[in-house]
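Q: Structure file protein23.pdb (PDB, C-alpha atoms, pLDDT in the B column) is given on the next line.
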ATOM      1  CA  MET E 165      91.144 147.515  52.273  1.00 49.00           C
ATOM      2  CA  HIS E 166      92.717 150.077  54.569  1.00 53.00           C
ATOM      3  CA  ASN E 167      94.136 153.282  53.135  1.00 63.00           C
ATOM      4  CA  SER E 168      96.526 154.435  55.854  1.00 73.00           C
ATOM      5  CA  LYS E 169      99.746 152.946  57.161  1.00 86.00           C
ATOM      6  CA  ARG E 170      99.392 150.223  59.769  1.00 87.00           C
ATOM      7  CA  PHE E 171     101.766 149.578  62.663  1.00 88.00           C
ATOM      8  CA  GLU E 172     102.447 146.100  64.029  1.00 92.00           C
ATOM      9  CA  ILE E 173     101.661 146.098  67.731  1.00 89.00           C
ATOM     10  CA  ARG E 174     100.958 143.072  69.885  1.00 92.00           C
ATOM     11  CA  CYS E 175      98.811 143.798  72.911  1.00 93.00           C
ATOM     12  CA  PRO E 176      95.758 142.229  74.509  1.00 94.00           C
ATOM     13  CA  VAL E 177      92.352 143.435  73.359  1.00 95.00           C
ATOM     14  CA  THR E 178      88.733 142.951  74.289  1.00 94.00           C
ATOM     15  CA  VAL E 179      86.109 143.168  71.560  1.00 95.00           C
ATOM     16  CA  GLN E 180      82.668 144.024  72.885  1.00 94.00           C
ATOM     17  CA  VAL E 181      79.705 143.032  70.737  1.00 93.00           C
ATOM     18  CA  SER E 182      76.261 144.318  71.662  1.00 83.00           C
ATOM     19  CA  ASN E 183      73.433 141.816  71.202  1.00 74.00           C
ATOM     20  CA  GLY E 184      70.693 144.213  72.207  1.00 70.00           C
ATOM     21  CA  GLN E 185      70.496 147.175  74.553  1.00 73.00           C
ATOM     22  CA  LYS E 186      71.505 145.434  77.757  1.00 78.00           C
ATOM     23  CA  HIS E 187      73.296 142.327  76.524  1.00 83.00           C
ATOM     24  CA  LYS E 188      76.996 142.633  75.655  1.00 88.00           C
ATOM     25  CA  VAL E 189      79.425 139.848  74.816  1.00 91.00           C
ATOM     26  CA  ASN E 190      83.172 140.260  75.379  1.00 93.00           C
ATOM     27  CA  VAL E 191      85.621 138.362  73.186  1.00 93.00           C
ATOM     28  CA  GLN E 192      89.317 138.300  74.132  1.00 94.00           C
ATOM     29  CA  GLY E 193      92.075 138.577  71.560  1.00 94.00           C
ATOM     30  CA  VAL E 194      95.346 140.117  70.426  1.00 95.00           C
ATOM     31  CA  LEU E 195      95.914 143.249  68.378  1.00 96.00           C
ATOM     32  CA  TYR E 196      98.040 142.478  65.277  1.00 95.00           C
ATOM     33  CA  ASP E 197      98.226 145.888  63.651  1.00 94.00           C
ATOM     34  CA  ILE E 198      96.598 149.301  63.927  1.00 93.00           C
ATOM     35  CA  GLY E 199      96.358 152.553  61.977  1.00 91.00           C
ATOM     36  CA  VAL E 200      94.318 155.724  62.194  1.00 89.00           C
ATOM     37  CA  ASP E 201      91.429 154.161  60.258  1.00 92.00           C
ATOM     38  CA  GLY E 202      91.342 150.579  61.532  1.00 94.00           C
ATOM     39  CA  ALA E 203      92.972 147.494  62.956  1.00 95.00           C
ATOM     40  CA  ARG E 204      93.484 143.758  62.520  1.00 96.00           C
ATOM     41  CA  VAL E 205      92.752 141.565  65.523  1.00 96.00           C
ATOM     42  CA  ALA E 206      92.995 137.835  66.320  1.00 95.00           C
ATOM     43  CA  LEU E 207      90.119 136.550  68.461  1.00 95.00           C
ATOM     44  CA  GLU E 208      89.044 133.468  70.391  1.00 91.00           C
ATOM     45  CA  GLN E 209      85.757 133.291  68.439  1.00 92.00           C
ATOM     46  CA  PRO E 210      84.406 134.749  65.190  1.00 93.00           C
ATOM     47  CA  VAL E 211      82.664 138.101  64.827  1.00 94.00           C
ATOM     48  CA  PRO E 212      80.846 138.420  61.475  1.00 94.00           C
ATOM     49  CA  PRO E 213      81.389 141.253  58.966  1.00 95.00           C
ATOM     50  CA  GLY E 214      79.005 144.174  59.403  1.00 95.00           C
ATOM     51  CA  THR E 215      78.978 143.819  63.201  1.00 94.00           C
ATOM     52  CA  LYS E 216      79.387 147.073  65.161  1.00 94.00           C
ATOM     53  CA  ILE E 217      81.932 146.616  67.931  1.00 95.00           C
ATOM     54  CA  SER E 218      83.860 148.401  70.644  1.00 94.00           C
ATOM     55  CA  LEU E 219      87.552 147.487  70.541  1.00 95.00           C
ATOM     56  CA  PHE E 220      89.411 147.943  73.836  1.00 94.00           C
ATOM     57  CA  ALA E 221      93.206 147.929  73.329  1.00 93.00           C
ATOM     58  CA  HIS E 222      95.140 147.392  76.580  1.00 92.00           C
ATOM     59  CA  PHE E 223      98.585 149.017  76.232  1.00 88.00           C
ATOM     60  CA  ARG E 224     101.199 148.333  78.933  1.00 85.00           C
ATOM     61  CA  ASP E 225     103.837 150.969  79.735  1.00 82.00           C
ATOM     62  CA  PRO E 226     107.392 150.333  81.051  1.00 84.00           C
ATOM     63  CA  GLU E 227     106.109 150.517  84.663  1.00 85.00           C
ATOM     64  CA  GLU E 228     103.623 147.719  83.849  1.00 81.00           C
ATOM     65  CA  GLN E 229     100.631 150.057  84.158  1.00 85.00           C
ATOM     66  CA  VAL E 230      97.857 149.468  81.625  1.00 88.00           C
ATOM     67  CA  THR E 231      96.201 152.178  79.566  1.00 88.00           C
ATOM     68  CA  THR E 232      93.046 151.147  77.762  1.00 91.00           C
ATOM     69  CA  ILE E 233      91.874 152.923  74.624  1.00 91.00           C
ATOM     70  CA  ARG E 234      88.406 152.294  73.195  1.00 93.00           C
ATOM     71  CA  PHE E 235      87.746 152.411  69.460  1.00 94.00           C
ATOM     72  CA  GLU E 236      84.274 152.133  67.936  1.00 94.00           C
ATOM     73  CA  GLY E 237      84.215 150.279  64.646  1.00 95.00           C
ATOM     74  CA  VAL E 238      82.580 147.935  62.176  1.00 95.00           C
ATOM     75  CA  VAL E 239      83.971 144.510  61.248  1.00 96.00           C
ATOM     76  CA  GLN E 240      84.854 144.510  57.541  1.00 96.00           C
ATOM     77  CA  ARG E 241      86.323 141.016  57.092  1.00 95.00           C
ATOM     78  CA  LEU E 242      86.564 137.733  58.943  1.00 96.00           C
ATOM     79  CA  GLN E 243      89.326 135.191  58.346  1.00 94.00           C
ATOM     80  CA  GLU E 244      88.779 131.856  60.062  1.00 91.00           C
ATOM     81  CA  GLU E 245      92.134 130.134  59.510  1.00 83.00           C
ATOM     82  CA  PRO E 246      94.551 129.590  61.208  1.00 76.00           C
ATOM     83  CA  ARG E 247      92.926 131.716  63.932  1.00 85.00           C
ATOM     84  CA  PHE E 248      89.849 133.944  63.867  1.00 94.00           C
ATOM     85  CA  GLN E 249      90.984 137.346  62.594  1.00 95.00           C
ATOM     86  CA  ILE E 250      88.879 140.414  61.930  1.00 95.00           C
ATOM     87  CA  ALA E 251      89.600 143.621  60.058  1.00 95.00           C
ATOM     88  CA  VAL E 252      87.901 146.600  61.705  1.00 96.00           C
ATOM     89  CA  ASP E 253      87.207 150.047  60.254  1.00 94.00           C
ATOM     90  CA  PHE E 254      87.143 152.682  63.006  1.00 93.00           C
ATOM     91  CA  GLN E 255      84.225 155.085  63.307  1.00 91.00           C
ATOM     92  CA  GLY E 256      85.879 158.194  64.780  1.00 82.00           C
ATOM     93  CA  THR E 257      88.942 158.327  66.997  1.00 78.00           C
ATOM     94  CA  GLY E 258      90.083 156.370  70.032  1.00 80.00           C
ATOM     95  CA  ARG E 259      89.092 157.361  73.544  1.00 79.00           C
ATOM     96  CA  TYR E 260      91.316 156.920  76.598  1.00 72.00           C
ATOM     97  CA  LEU E 261      89.520 154.995  79.322  1.00 72.00           C
ATOM     98  CA  GLN E 262      92.140 154.735  82.035  1.00 53.00           C
ATOM     99  CA  LYS E 263      95.435 156.459  82.685  1.00 51.00           C
ATOM    100  CA  GLN E 264      95.932 159.326  80.233  1.00 41.00           C
ATOM    101  CA  ILE E 265      98.787 158.781  77.788  1.00 41.00           C
ATOM    102  CA  VAL E 266     100.724 162.018  77.757  1.00 38.00           C
ATOM    103  CA  ASP E 267     103.580 160.701  75.655  1.00 40.00           C
ATOM    104  CA  LEU E 268     103.085 157.694  73.379  1.00 40.00           C
ATOM    105  CA  HIS E 269     106.863 157.611  72.836  1.00 38.00           C
ATOM    106  CA  THR E 270     107.248 155.956  76.235  1.00 41.00           C
ATOM    107  CA  LEU E 271     105.114 152.964  75.280  1.00 42.00           C
ATOM    108  CA  LYS E 272     107.197 149.834  75.282  1.00 42.00           C
ATOM    109  CA  VAL E 273     105.676 148.030  72.323  1.00 42.00           C
ATOM    110  CA  ALA E 274     107.020 144.670  71.230  1.00 39.00           C
ATOM    111  CA  GLY E 275     108.892 145.033  67.986  1.00 41.00           C
ATOM    112  CA  THR E 276     108.613 148.821  67.848  1.00 47.00           C
ATOM    113  CA  ASP E 277     111.742 150.952  68.163  1.00 52.00           C
ATOM    114  CA  GLU E 278     111.839 154.676  69.022  1.00 54.00           C
ATOM    115  CA  ALA E 279     111.243 155.687  65.391  1.00 55.00           C
ATOM    116  CA  GLY E 280     108.231 153.345  65.244  1.00 53.00           C
ATOM    117  CA  ARG E 281     106.772 154.825  68.426  1.00 51.00           C
ATOM    118  CA  LYS E 282     107.190 158.338  66.977  1.00 53.00           C
ATOM    119  CA  ARG E 283     105.343 157.273  63.804  1.00 52.00           C
ATOM    120  CA  ILE E 284     102.525 155.784  65.914  1.00 49.00           C
ATOM    121  CA  SER E 285     102.329 158.897  68.056  1.00 52.00           C
ATOM    122  CA  ALA E 286     102.239 161.153  64.983  1.00 51.00           C
ATOM    123  CA  ALA E 287      99.520 159.066  63.350  1.00 49.00           C
ATOM    124  CA  PHE E 288      97.226 159.285  66.384  1.00 48.00           C
ATOM    125  CA  THR E 289      97.758 162.980  67.042  1.00 46.00           C
ATOM    126  CA  LYS E 290      96.934 164.263  63.539  1.00 43.00           C
TER     127      LYS E 290
END
So, in terms of structure tokens, how does the structure I just supplied come out?

A:
Amino acid sequence: MHNSKRFEIRCPVTVQVSNGQKHKVNVQGVLYDIGVDGARVALEQPVPPGTKISLFAHFRDPEEQVTTIRFEGVVQRLQEEPRFQIAVDFQGTGRYLQKQIVDLHTLKVAGTDEAGRKRISAAFTK
């Protein structure tokens, strides 16, 4: 169970599972919600609890440019119906992989108004 507030955000994600040092499997999905300590994600295939993953969230800004943030985490739960969903606990903080986000307030996130973007920004900058 997560302890911090979660924010509903829909954006594409890639979950990378390492099956050994040089073998990585990428699973595509959609971010459902996220907080400072974890996230809930729908995936095309299951990832079992206890699996260490890298979660790549692909945020799109108003100019249609994509910023990818990587989170390291461990799968806590797997729900198989109606779609594969995992709950992930983050291990540390997110890391920007592409364009630096200077102002999270400018993110155009489906279903998130200006107040919601400010809450998201505040949560990730604490």

Q: Find the spatial neighbours of Phe248 of chain E, counting only C-alpha atoms, within a cut-off of 7 Å - ignore same-chain residues fewer than 2 positions away - and output them as a compact mmCIF listing (two decimals) with C-alpha atoms, in the frame of the given file.

A:
# COMPACT_ATOMS: atom_id res chain seq x y z
CA ALA E 206 93.00 137.84 66.32
CA LEU E 207 90.12 136.55 68.46
CA GLU E 208 89.04 133.47 70.39
CA GLN E 209 85.76 133.29 68.44
CA PRO E 210 84.41 134.75 65.19
CA GLN E 243 89.33 135.19 58.35
CA GLU E 244 88.78 131.86 60.06
CA GLU E 245 92.13 130.13 59.51
CA PRO E 246 94.55 129.59 61.21
CA ILE E 250 88.88 140.41 61.93

Q: So which residues touch segment 177-192 of chain E within 10 Å, counting only C-alpha atoms, skipping near sequence neighbours fewer than 6 positions away, as a list of chain:residue names?

A: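 Near segment 177-192 of chain E, the qualifying residues are E:Val205, E:Ala206, E:Leu207, E:Glu208, E:Gln209, E:Pro210, E:Val211, E:Thr215, E:Lys216, E:Ile217, E:Ser218, E:Leu219, E:Phe220, E:Ala221, E:His222, E:Phe223, E:Thr232, E:Ile233, E:Arg234, E:Phe235, E:Glu236.
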
Q: Using Å and a single decimal, report how far atom CA of Lys169 of chain E sits from atom CA of Val238 of chain E.

A: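 Answer for the atom CA of Val238 of chain E to atom CA of Lys169 of chain E separation: 18.6 Å.
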
Q: Please measure the separation of atom CA of Arg170 of chain E and atom CA of Leu195 of chain E, giving the value in Å to one decimal.

A: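 Straight-line distance from atom CA of Arg170 of chain E to atom CA of Leu195 of chain E works out to 11.6 Å.
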
Q: What is the atom CA of Val230 of chain E to atom CA of Thr257 of chain E distance in Å?

A: 19.3 Å

Q: To test your reading of the syntax: which residues would the PyMOL selection byres ((chain E and resi 198) around 12) return for the file shown? Reply as JSON, numbers by chain.

A: {"E": [166, 167, 168, 169, 170, 171, 172, 173, 174, 175, 177, 194, 195, 196, 197, 199, 200, 201, 202, 203, 204, 205, 219, 221, 235, 250, 251, 252, 253, 254, 258, 283, 284, 285, 287, 288]}

Q: Please complete segment 236-255 of chain E with N, CA and C atoms and give it back as a PDB file, in the frame of the given file.

A:
ATOM      1  N   GLU E 236      85.538 152.632  68.478  1.00 94.00           N
ATOM      2  CA  GLU E 236      84.274 152.133  67.936  1.00 94.00           C
ATOM      3  C   GLU E 236      84.522 151.787  66.480  1.00 94.00           C
ATOM      4  N   GLY E 237      83.966 150.667  66.026  1.00 95.00           N
ATOM      5  CA  GLY E 237      84.215 150.279  64.646  1.00 95.00           C
ATOM      6  C   GLY E 237      83.207 149.287  64.116  1.00 95.00           C
ATOM      7  N   VAL E 238      83.416 148.918  62.859  1.00 95.00           N
ATOM      8  CA  VAL E 238      82.580 147.935  62.176  1.00 95.00           C
ATOM      9  C   VAL E 238      83.501 146.883  61.573  1.00 95.00           C
ATOM     10  N   VAL E 239      83.179 145.608  61.803  1.00 96.00           N
ATOM     11  CA  VAL E 239      83.971 144.510  61.248  1.00 96.00           C
ATOM     12  C   VAL E 239      83.782 144.491  59.731  1.00 96.00           C
ATOM     13  N   GLN E 240      84.893 144.522  59.000  1.00 96.00           N
ATOM     14  CA  GLN E 240      84.854 144.510  57.541  1.00 96.00           C
ATOM     15  C   GLN E 240      85.073 143.120  56.962  1.00 96.00           C
ATOM     16  N   ARG E 241      85.987 142.355  57.592  1.00 95.00           N
ATOM     17  CA  ARG E 241      86.323 141.016  57.092  1.00 95.00           C
ATOM     18  C   ARG E 241      86.548 140.072  58.256  1.00 95.00           C
ATOM     19  N   LEU E 242      86.282 138.798  57.991  1.00 96.00           N
ATOM     20  CA  LEU E 242      86.564 137.733  58.943  1.00 96.00           C
ATOM     21  C   LEU E 242      87.371 136.666  58.238  1.00 96.00           C
ATOM     22  N   GLN E 243      88.501 136.300  58.837  1.00 94.00           N
ATOM     23  CA  GLN E 243      89.326 135.191  58.346  1.00 94.00           C
ATOM     24  C   GLN E 243      89.287 134.122  59.424  1.00 94.00           C
ATOM     25  N   GLU E 244      88.966 132.898  59.054  1.00 91.00           N
ATOM     26  CA  GLU E 244      88.779 131.856  60.062  1.00 91.00           C
ATOM     27  C   GLU E 244      89.982 130.943  60.252  1.00 91.00           C
ATOM     28  N   GLU E 245      90.962 131.004  59.383  1.00 83.00           N
ATOM     29  CA  GLU E 245      92.134 130.134  59.510  1.00 83.00           C
ATOM     30  C   GLU E 245      93.398 130.975  59.493  1.00 83.00           C
ATOM     31  N   PRO E 246      94.433 130.658  60.223  1.00 76.00           N
ATOM     32  CA  PRO E 246      94.551 129.590  61.208  1.00 76.00           C
ATOM     33  C   PRO E 246      93.889 129.961  62.529  1.00 76.00           C
ATOM     34  N   ARG E 247      93.566 131.225  62.716  1.00 85.00           N
ATOM     35  CA  ARG E 247      92.926 131.716  63.932  1.00 85.00           C
ATOM     36  C   ARG E 247      91.906 132.746  63.485  1.00 85.00           C
ATOM     37  N   PHE E 248      90.840 132.936  64.245  1.00 94.00           N
ATOM     38  CA  PHE E 248      89.849 133.944  63.867  1.00 94.00           C
ATOM     39  C   PHE E 248      90.506 135.316  63.852  1.00 94.00           C
ATOM     40  N   GLN E 249      90.445 135.997  62.709  1.00 95.00           N
ATOM     41  CA  GLN E 249      90.984 137.346  62.594  1.00 95.00           C
ATOM     42  C   GLN E 249      89.917 138.231  61.987  1.00 95.00           C
ATOM     43  N   ILE E 250      89.807 139.457  62.511  1.00 95.00           N
ATOM     44  CA  ILE E 250      88.879 140.414  61.930  1.00 95.00           C
ATOM     45  C   ILE E 250      89.633 141.670  61.521  1.00 95.00           C
ATOM     46  N   ALA E 251      89.141 142.298  60.459  1.00 95.00           N
ATOM     47  CA  ALA E 251      89.600 143.621  60.058  1.00 95.00           C
ATOM     48  C   ALA E 251      88.495 144.586  60.450  1.00 95.00           C
ATOM     49  N   VAL E 252      88.866 145.646  61.176  1.00 96.00           N
ATOM     50  CA  VAL E 252      87.901 146.600  61.705  1.00 96.00           C
ATOM     51  C   VAL E 252      88.168 147.977  61.120  1.00 96.00           C
ATOM     52  N   ASP E 253      87.115 148.642  60.646  1.00 94.00           N
ATOM     53  CA  ASP E 253      87.207 150.047  60.254  1.00 94.00           C
ATOM     54  C   ASP E 253      86.710 150.875  61.426  1.00 94.00           C
ATOM     55  N   PHE E 254      87.531 151.837  61.884  1.00 93.00           N
ATOM     56  CA  PHE E 254      87.143 152.682  63.006  1.00 93.00           C
ATOM     57  C   PHE E 254      86.115 153.720  62.573  1.00 93.00           C
ATOM     58  N   GLN E 255      85.224 154.036  63.482  1.00 91.00           N
ATOM     59  CA  GLN E 255      84.225 155.085  63.307  1.00 91.00           C
ATOM     60  C   GLN E 255      84.600 156.193  64.287  1.00 91.00           C
TER      61      GLN E 255
END
